[in-house]
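Peer 1: What follows is a single structure, and I will ask about it in a moment.
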Amino acid sequence: MPNIQLTTESETTLTEINADCLQNALRLAAQGVAGVYHDNIFRELARHAALALEVQHAFIGILPEGHADRVNVLAGYFNGEFDDGFEYSLDGTPCQNVINQQFRYYPCQVQQLFPDKHLVSLNAEGYAALPLYDSSGQAIGLMAVLDGKPLQHPELIEAVLKIFSVRAAVEIERCNADKARRISEDSYRTIFDAYEDVIFIHDIDTGAIIDVNPKACSVYGYSREEFLNMDVSQLGSGVPPYTMDTAVKYIQKAKQGEPQQLEWHRKNKDGSLRWDEVYIKRASIGGVDRILAITRDITERKEREDALAKSEDRLRATVEAALDCIIGMDAKGNIVEFNPASETCFGFNKHQVIGKPLADLIIPPRFRSAHVQGIAHYFKTGEGPYLGKRLEVTAQRANGSEFPAELAIDVAQGRDGEIFIGYLRDITERKQSEMERSRLEVQLRQAQKMEALGHLTGGVAHDFNNILTGVMGYIVMAGERVARSDDEKLQKYLVRSQKAVQRARDLIQQMLTFSRGQRGEPKVLSLTPLLKETVKLFESTLPSTIEMQTDFACTPAVMVDPVHVEQVVMNLIINARDAMQGNGRLTLNVRQVNCSDCVCTSCRKPISGDYVQISVADSGPGIPQEIIDRMFEPFFSTKDVGKGSGMGLATVHGIVHECKGHIVVDTETDRGSIFKVLLPPITTPVDVFAQSPELTTGETAPDHVLQGRVLLVDDDFTVSEFMQDMLSDWGLEVTSFNNGIDGLKCFAEDPEQFDLVILDQTMPKITGLQVAEQMIKLRPHIPVILYTGFSEQVSEDKILEMGIRALVKKPIDVEAFFTLLMQLLAVNKVR
């Protein structure tokens, strides 16, 4: 850009300007703003500004409404001729530095500073402009002068432009006000003429009619000129209270600022009498206070009310005593009957609805068009698809709430034509009962499914335990033999095999927990200390990218197996960790909560009351609904093959419901999930379940052998064969049977021949518990061991009460089992 001086500062002061030049400029400016112009005042202002400042060009521009980036040239004086009515963009022009800013003065080379086509066309060398503002301080435009030669005397230019800008801004604001007033008046007249109700405008002092709308002429039969020469008394029936005196009283009250609403018995030009609903109020019209009266013909409504009054005595007692809603509707769809039951049901008073469209009041908006079409169809064809039938519909109360209803519709002949009678009954309670029944059916199906899965899982676990009993036992026995040799590699293989079998055993324990075949040892305990220890053990296993937060409130005690609680929390934390893919926030909370209107996500039963809640929350992606419906099923997993057994949540389900608790899952896409375990608090003292005697496990196989005769009963040949081999290796004399009936028969022949009895619990025809009960009756002090892979309905206290010495769970711990036999045989010898 060339080195051009850009300044708004004066190079000379007014006192330094030639006196004649200054006097002439100010004189022309005064004449320009003081003149009275009948044509275009803005053109004259632009012309006088150009003459006063002796420049070639002057113009006044305004900002178009809604376009602050453009200027509309309101008046322009260019090279002695007027040119206006065009717009230009402010972008790239010197005017953009003027609008809503300040006086700008570019004495020379303005085309080089602002390469604008208009400057080029005017051959402008110098430019000066002043912004225009309205009385509220809002920018409305600018006034500018340009010349083909450099400008001089910026102080004089600014002073002259200020003189012209005052008159220009005033005139622009006046024009805008006139335009707005014309628009307002046109709008008022358009509304006044098009209004569908009758409108009278009265003089506020005399009450005389000074204007009426066309609707008044068509309704009353008088012309506008006739109305202007009438008094109000001619518009009434003349029968008190519809007289001049009454009309004057209402007008006087409205004049005092009290709006009046009344019914008026009017008299038309042809002498006919009609009923009007009249609203009178004081109003300012065109800046003048007037009395405004609006009337609406309500003759038909009055006649309907009279007809209803005549028949009311005959029907009222029956209708008012009805328990169902009885609603009458005329051919136009307006309500003509609304009994007390309807008022109670819908929340409307009768006077609010009579004569008004039924569809607008008690039919939801989305069904209204179908209602109107149904009425039109009936009057067109004489047929209605729902007449005489009962159907279920959705109705709407006064407060907008919807409810299900049973509806029957009939048609009766009335004095004024056909009347539709609707008999409606609120069936909300019935629908709620049906929904409750459906919910209970879903809950029952879920319970049946989980029960079936539990039985299946328990059965599979029982069979696996029998298999694992033999496998683990033979591995231990093989290990004892290998230990006496120097084959370290074979011993390593056996140790690895034993670990693999132990993992399988742990999976079976989870299956049994889900099926409730593996019962824990409940104790009365507080969750907070237990979970604090659990977090300490587990927190170190989480990646550092997972932030773990805990909040343990003081809660009532619960009756749970502490090992099972740890297992539940462990499974939920693992699931949360995997859901977040090792990165996010995991929160573990314990608090007491009160549940109402909750549903268990696992068993689908409703939940209410006080619970101790363990919640595990993650910031993962959430759980889809189709996954929630199946995630508590055993072996169901969304993880890759080999990365999950599918028994984690199934185990949680089994443990929690064994404690009479529930699980609630809250999840939202991309916002994570919260698993809430709800356990019932202990409010009264509860006896803790008796604990099973712990079996000690020797660190090495015993060097000595056992002595005695053992009766073994197990229906599984593999387990029976393994038990015989193991017991025989220990030095015991074993008699084996594969069913309980044969074993009991052998024992009954000579109860003293055996030193110990080992019974499988789950056998066909007769259980181990039943066999033990008969044997103990025959020989009360015989040591009996009950072992099982599926301990449902077998509790420690029941076993001890019957006299059974121990309950051993498959697969057995060989060393602990040896110790148990050694203890029982030693006790039996003492006896």
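By convention here, the chains of the structure tokens are called A, B, ... in the order presented, each chain's residues are numbered starting at 1, and ligands are numbered starting at 1 in the order presented.
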Excluding Met472 of chain A and any residue of its chain fewer than 6 positions from it, enumerate the residues within 9 Å of it, using only C-alpha atoms, and give them as a PyMOL selection string.

Peer 2: chain A and resi 497-498+501-502+811-814

Peer 1: Enumerate, as a PyMOL selection string, the complete set of residues in segment 223-271 of chain A that a backbone-based DSSP assignment places in strand (DSSP E).

Peer 2: chain A and resi 260-267

Peer 1: Mind pulling up the distance from atom CA of Tyr127 of chain A to atom CA of Ala139 of chain A?

Peer 2: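 About the pair atom CA of Ala139 of chain A and atom CA of Tyr127 of chain A: they are 20.1 Å apart.
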
Peer 1: Have a look at atom CA of Glu441 of chain A and atom CA of Asp597 of chain A and let me know their distance in Å, one decimal.

Peer 2: 17.4 Å

Peer 1: Excluding same-chain residues fewer than 4 positions from Gln373 of chain A, what lies within 12 Å of it counting only C-alpha atoms, as a list of chain:residue names?

Peer 2: A:Gly333, A:Ala359, A:Phe367, A:Arg368, A:Ser369, A:His377, A:Tyr378, A:Phe379, A:Lys380, A:Thr381, A:Gly384, A:Pro385

Peer 1: Could you name the residues that touch Lys809 of chain A at 6 Å or less, counting only C-alpha atoms, but leaving out those on the same chain fewer than 5 positions away, as a PDB file with N, CA and C atoms, in the first residue's frame?

Peer 2:
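Result written to selection_0.pdb:
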```
ATOM      1  N   TYR A 787     -20.776 -88.644  50.837  1.00  0.00           N
ATOM      2  CA  TYR A 787     -20.062 -87.775  49.886  1.00  0.00           C
ATOM      3  C   TYR A 787     -20.910 -87.585  48.639  1.00  0.00           C
ATOM      4  N   THR A 788     -20.763 -86.365  48.044  1.00  0.00           N
ATOM      5  CA  THR A 788     -21.667 -85.998  46.962  1.00  0.00           C
ATOM      6  C   THR A 788     -21.029 -84.966  46.050  1.00  0.00           C
ATOM      7  N   GLY A 789     -21.479 -84.971  44.811  1.00  0.00           N
ATOM      8  CA  GLY A 789     -21.064 -83.941  43.859  1.00  0.00           C
ATOM      9  C   GLY A 789     -22.143 -82.906  43.632  1.00  0.00           C
TER      10      GLY A 789
END
```

Peer 1: Just the number, please: distance in Å from atom CA of Thr667 of chain A to atom CA of Met570 of chain A, one decimal.

Peer 2: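 Here the two named atoms are 19.5 Å from each other.
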
Peer 1: Which one is closest to Thr550 of chain A: A:Leu494, A:Leu572, A:Ile210, A:Leu586? Count only C-alpha atoms.

Peer 2: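 Looking at the shortest contact to Thr550 of chain A, the residue is A:Leu586.
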
Peer 1: Would you list the contacts of Ile291 of chain A as number ranges by chain, taking every protein, DNA or RNA residue within 12 Å and counting only C-alpha atoms, but skipping same-chain residues closer than 2 positions in sequence?

Peer 2: A: 199-212, 248, 250-260, 279-285, 288-289, 293-294

Peer 1: Any chance you can output those residues with C-alpha atoms as a short mmCIF file (atom, residue, chain, number, x, y, z; two decimals), in the first residue's frame?

Peer 2:
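Now in result27.cif:
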```
data_model
loop_
_atom_site.label_atom_id
_atom_site.label_comp_id
_atom_site.auth_asym_id
_atom_site.auth_seq_id
_atom_site.Cartn_x
_atom_site.Cartn_y
_atom_site.Cartn_z
CA ILE A 199 -67.22 -5.60 16.64
CA PHE A 200 -68.65 -2.25 17.76
CA ILE A 201 -66.51 0.79 18.60
CA HIS A 202 -68.22 3.37 20.85
CA ASP A 203 -67.29 6.90 21.83
CA ILE A 204 -65.98 6.69 25.37
CA ASP A 205 -67.93 9.76 26.54
CA THR A 206 -71.28 9.50 24.75
CA GLY A 207 -71.44 5.75 24.04
CA ALA A 208 -72.38 6.53 20.42
CA ILE A 209 -71.41 3.98 17.76
CA ILE A 210 -68.52 5.37 15.69
CA ASP A 211 -67.49 2.23 13.76
CA VAL A 212 -68.58 -1.35 13.07
CA VAL A 248 -75.43 2.30 29.46
CA TYR A 250 -72.34 -1.89 31.21
CA ILE A 251 -70.61 0.77 29.07
CA GLN A 252 -69.98 2.96 32.13
CA LYS A 253 -68.39 0.05 34.01
CA ALA A 254 -66.16 -0.72 31.04
CA LYS A 255 -65.22 2.97 30.85
CA GLN A 256 -64.01 2.71 34.48
CA GLY A 257 -61.65 -0.12 33.47
CA GLU A 258 -63.88 -3.09 34.41
CA PRO A 259 -64.27 -5.47 31.44
CA GLN A 260 -67.86 -6.72 31.10
CA TYR A 279 -67.58 -8.75 25.81
CA ILE A 280 -67.11 -5.00 26.55
CA LYS A 281 -63.82 -3.30 27.52
CA ARG A 282 -61.99 0.01 27.33
CA ALA A 283 -59.28 0.10 24.64
CA SER A 284 -56.92 2.58 22.97
CA ILE A 285 -57.43 2.60 19.22
CA VAL A 288 -57.63 7.44 21.31
CA ASP A 289 -59.52 5.77 24.17
CA ALA A 293 -67.69 -4.35 22.24
CA ILE A 294 -67.34 -7.84 20.69
#
```

Peer 1: Using only C-alpha atoms, which of A:Thr394, A:Ser233, A:Ser89, A:Asn399 sits nearest Ile427 of chain A?

Peer 2: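 Going through A:Thr394, A:Ser233, A:Ser89, A:Asn399 one by one, the smallest distance to Ile427 of chain A is for A:Thr394.
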